Amino acid sequence: QVQLVESGGGLVQPGGSLRLSCVGSGFTLDYYAIGWFRQAPGKEREAVSCINNNDYSTYYADSVKGRFTISRDNAKNTAYLQMNSLKPEDTAVYYCAAGLRTYYSLERLKNPLEYDFWGQGTQVTVSS
């Protein structure tokens, strides 16, 4: 059974940090592109950070550059999103996704439709 399970969300004060984890089971995460997406109430789901499955190139949304870091530990079948200097506008449900395509351009990497498996989401709330 293919599954992605996120963890690590929670309530944090502005300026704080969280690390989200995404554990895959039933498939080998190494072969897949990984995307972290988020969705705030009333807003569309947006790509936050993604990592390619070929050359491990990465994408970061402008709003998180310099603050978030995506990584993967293939031995643990796990992907991470380290989030530092959190802001209230980072508040959202965060989802990890895994996709298997022959080639991911930057545009494909950011597109939720190019991912095959999704986790259930984890809430991140940044508030004082």
# chains A, B, ... in the order shown; residues from 1 in each chain; ligands from 1
call {"tool": "select_by_dssp", "arguments": {"residues": "chain A", "states": "alpha helix (DSSP H)", "output": "compact mmCIF listing (two decimals) with N, CA and C atoms, in the first residue's frame"}}
result
# COMPACT_ATOMS: atom_id res chain seq x y z
N LEU A 106 11.01 22.79 -14.51
CA LEU A 106 10.66 23.60 -13.34
C LEU A 106 9.15 23.76 -13.26
N GLU A 107 8.51 23.97 -14.39
CA GLU A 107 7.06 24.17 -14.38
C GLU A 107 6.32 22.91 -13.93
N ARG A 108 6.81 21.76 -14.35
CA ARG A 108 6.18 20.51 -13.93
C ARG A 108 6.41 20.27 -12.45
N LEU A 109 7.58 20.65 -11.99
CA LEU A 109 7.92 20.42 -10.58
C LEU A 109 6.97 21.20 -9.68
N LYS A 110 6.52 22.37 -10.12
CA LYS A 110 5.66 23.22 -9.30
C LYS A 110 4.18 22.87 -9.44
call {"tool": "residues_around", "arguments": {"residues": "range 18-35 of chain A", "least_positions_apart": "6", "cutoff": "6 Å", "atoms": "only C-alpha atoms", "output": "list in words"}}
result
Gln1, Val2, Gln3, Leu4, Val5, Glu6, Ser7, Gly8, Ser49, Cys50, Ile51, Asn52, Asn53, Asn74, Asn77, Thr78, Ala79, Tyr80, Leu81, Gln82, Met83, Cys96, Ala97, Ala98, Gly99 and Leu100 of chain A
call {"tool": "residues_around", "arguments": {"residues": "Gly10 in chain A", "least_positions_apart": "3", "cutoff": "9 Å", "atoms": "only C-alpha atoms", "output": "PyMOL selection string"}}
result
chain A and resi 18+122-126
call {"tool": "closest_residue", "arguments": {"among": "A:Thr69, A:Asn84, A:Thr58, A:Thr91", "to": "Ala40 in chain A", "atoms": "only C-alpha atoms"}}
result
A:Thr91
call {"tool": "select_by_dssp", "arguments": {"residues": "chain A", "states": "strand (DSSP E)", "output": "ChimeraX atom specification"}}
result
/A:3-7,10-12,18-25,33-39,46-51,58-60,68-73,78-83,92-99,117-118,122-126
call {"tool": "residues_around", "arguments": {"residues": "Lys87 in chain A", "least_positions_apart": "5", "cutoff": "12 Å", "atoms": "only C-alpha atoms", "output": "ChimeraX atom specification"}}
result
/A:11-18,63-64,67-68,92,124-128
call {"tool": "residues_around", "arguments": {"residues": "Ala47 in chain A", "least_positions_apart": "3", "cutoff": "8 Å", "atoms": "only C-alpha atoms", "output": "VMD selection string"}}
result
chain A and resid 35 to 38 50 60 to 61 110 to 112
call {"tool": "atom_distance", "arguments": {"atom1": "CA of Tyr95 in chain A", "atom2": "CA of Asp55 in chain A"}}
result
22.5 Å
call {"tool": "closest_residue", "arguments": {"among": "A:Gly121, A:Ser57, A:Val48, A:Lys43", "to": "Ser105 in chain A", "atoms": "only C-alpha atoms"}}
result
A:Ser57
call {"tool": "atom_distance", "arguments": {"atom1": "CA of Leu113 in chain A", "atom2": "CA of Asn54 in chain A"}}
result
18.7 Å
